[in-house]
Structure formats: structure tokens, C-alpha cells
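What follows is a set of notes on a single structure, which appears directly below.
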Amino acid sequence: MASNAAQAGGIRSKVKQQLARAAGRVPGEGATVLIYHRVGGGTADELDLATADFTAQVDLLAELPPGRVVPLDTAADRLEAGLRTPSTVLTFDDGFADTYETAWPLLKERGLPFTVYLASGLVGGPMRWEGSTAKGAPATGLSWEQLREMTASGLCTVANHTRSHARPELLTTAELDACGDDVEEHLGTRPRHFAYTWGRPVPHMDAALRARFRTSATGQVGRNLPGYDPVRFHRIPVRRTDPIDFFRAKLYGRLLPERAYARIVATAKAVGAGA
């Protein structure tokens, strides 16, 4: 089974490497928001990056001109001011402990800001929720002590990802406010940003989200430009099988390879190839 997974991962990487050749090196305008989940967790999950690969990525990020990698609020400030300045934002979904154990030392060393979209009810416990597709033993969630250390540095922004990682169809104001209350109690600030679980917007919650948050992030691939809809903030996933050139294309906001790969995967799934 492991060898089959490795073989499939190798095929995905080769396809992405070819697609990356279509991307240029000129940075795209607006805010490019990257989605991470786990780093160095030791699983074969596409959302669990190898430490060496993440290190290569943050090295690229650190080489960008000053003012390119910015906190989420800085990117939002630029957009609201009508600026199309290229901005890159790093985000980590859910609140896995390896964000602290593996990613944090690398980010701190390079002075790279980032956001953690936290499911607050999972802090310090097993990272399992209704609808989770994770296999094997559950990972551990970040602790409040770890979150306090990261936020005290000024590099980490903690945002709302519901309290229980509620399924999109079960999103309520109670879930939003419970997470906000938890973060405010333990960290002293109330989250100004939100990410939909599974990246799926919940239209009937738009008014509640606009009242509570500056941005609400989806899983819809795209850059954010002035005039963006705050409750439909676009992001770009980073996956285990992304070769460095494919990642570089995302980093520069050149999304042709990412969109082409998504079409290939959708076609493969439609015919049962399980890409």
C-alpha cells in the first residue's frame, strides 16, 4: 500500500513539474494566500509536507524582496487602499502541533509572518472531527502555551476556524463566537479573520461573517485584488507532491499550472483513476 502511494505521489510530482514550465517569474498582482496544514507529520497525506520540502519553500520565501511576505492584515490593508502590490501570505489550517514543532522554528529564523486558522476546541487534544478523512492515529493539536509563544513574537496571527471544525452545513454563529471566546480568553485578542472548514463558503452566513471578520477565506484558487469580496477570500493550497518549481509558480501568483493540475485531477477522478 505504501509503495502504491509513493508511486502515485511520484506521478503527481512529474505532472506538476511539466506544468510548472508554463509559469513565468513575474509576480502576480494582489494578495497570494498559501494554504498549509501539516509539516513534518510523517504521514503520506498530500496535506502533510516533508520537512525538507518546507525548508526549501521558506528559503525561497525569505529570498523575496522586503515587503513581499506580509501578515494577513497588511495584505488586506493594501487591497482596501486599492493597491495591487504583490503580497504573499502564509496560512496554516486547523492548528496541528507540528506547526509549532516543525514549521515555527524555520519561520522564526527567517522572520516570516503567518496566520493559524484555529479550531479552538481541538487545542491540546486529538485532531479528529466529524467528516475527517485522516487515517491512522490522530495528530495532536497546538497547546495554548505554544500559541502564546508564537503570537508574542509578532509573527503569528491566530484566526477563527470554528470551535469544533464544524462541517460547512453546520456552521452557526455559536460555533464562530465560541472559537472567538476561546481565543480571546487564552490569547487576549479576538480573531479578525476566518477560514471556512473544507474551504466551502456558506452563503446564508455571509451577514454574520461580515459583522465579525475582516476576511473569510475559502479554498477557491485565485489571487485577491482590490474590490475583492471579503467573505470570498481566495487561497492556494500547498501539497506534499508539489515540486519546488510548481511551488515557485504559486509563490509568484502564477496559477496556470495549479488550475491545469486541478483539471487533470478532476478528469481522472471522473473516470475512476483516483489521481
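Starting from 1 in every chain, residues are counted up; chains themselves are A, B, ... following the order of the C-alpha cells, and ligands are numbered from 1 as listed.
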Contact residues around range 56-73 of chain A with only C-alpha atoms at 8 Å, ignoring same-chain residues under 2 positions, as a PyMOL selection string: chain A and resi 52-54+75-77+86-90+106-107+110+112-115+155+157+244+247-248+251
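Using only C-alpha atoms for every distance, the candidate list A:Thr32, A:Gln146, A:Thr241, A:Thr267 yields A:Thr241 as the residue closest to Asp48 in chain A.
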Residue neighbourhood Leu34 in chain A, 6 Å, only C-alpha atoms, exclusion window fewer than 3 positions, as a VMD selection string: chain A and resid 90 to 91 235 to 237
Output file for the residues above (N, CA and C atoms, as an mmCIF file, in the first residue's frame):
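Generated file (part.cif):
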data_model
loop_
_atom_site.group_PDB
_atom_site.id
_atom_site.type_symbol
_atom_site.label_atom_id
_atom_site.label_comp_id
_atom_site.auth_asym_id
_atom_site.auth_seq_id
_atom_site.Cartn_x
_atom_site.Cartn_y
_atom_site.Cartn_z
ATOM 1 N N LEU A 90 1.154 33.535 4.318
ATOM 2 C CA LEU A 90 1.222 32.123 4.688
ATOM 3 C C LEU A 90 0.143 31.821 5.718
ATOM 4 N N THR A 91 -0.632 30.765 5.476
ATOM 5 C CA THR A 91 -1.668 30.371 6.440
ATOM 6 C C THR A 91 -1.586 28.879 6.713
ATOM 7 N N ARG A 235 -7.595 31.493 -1.801
ATOM 8 C CA ARG A 235 -6.306 30.967 -1.327
ATOM 9 C C ARG A 235 -5.797 29.909 -2.305
ATOM 10 N N ILE A 236 -4.574 29.433 -2.057
ATOM 11 C CA ILE A 236 -3.922 28.473 -2.948
ATOM 12 C C ILE A 236 -3.298 27.368 -2.094
ATOM 13 N N PRO A 237 -3.689 26.101 -2.294
ATOM 14 C CA PRO A 237 -3.153 25.021 -1.460
ATOM 15 C C PRO A 237 -1.709 24.682 -1.810
#
Picked from range 138-203 of chain A by DSSP as strand (DSSP E or B), as an MDAnalysis selection string: chainID A and resid 140:141 156:160 193:195
Range 121-131 of chain A environment, 8 Å, only C-alpha atoms, sequence neighbours closer than 4 positions dropped, as a PyMOL selection string: chain A and resi 95-96+138-144+163-167+179
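The coordinates place CA of Ser120 in chain A at 6.5 Å from CA of Asp182 in chain A.
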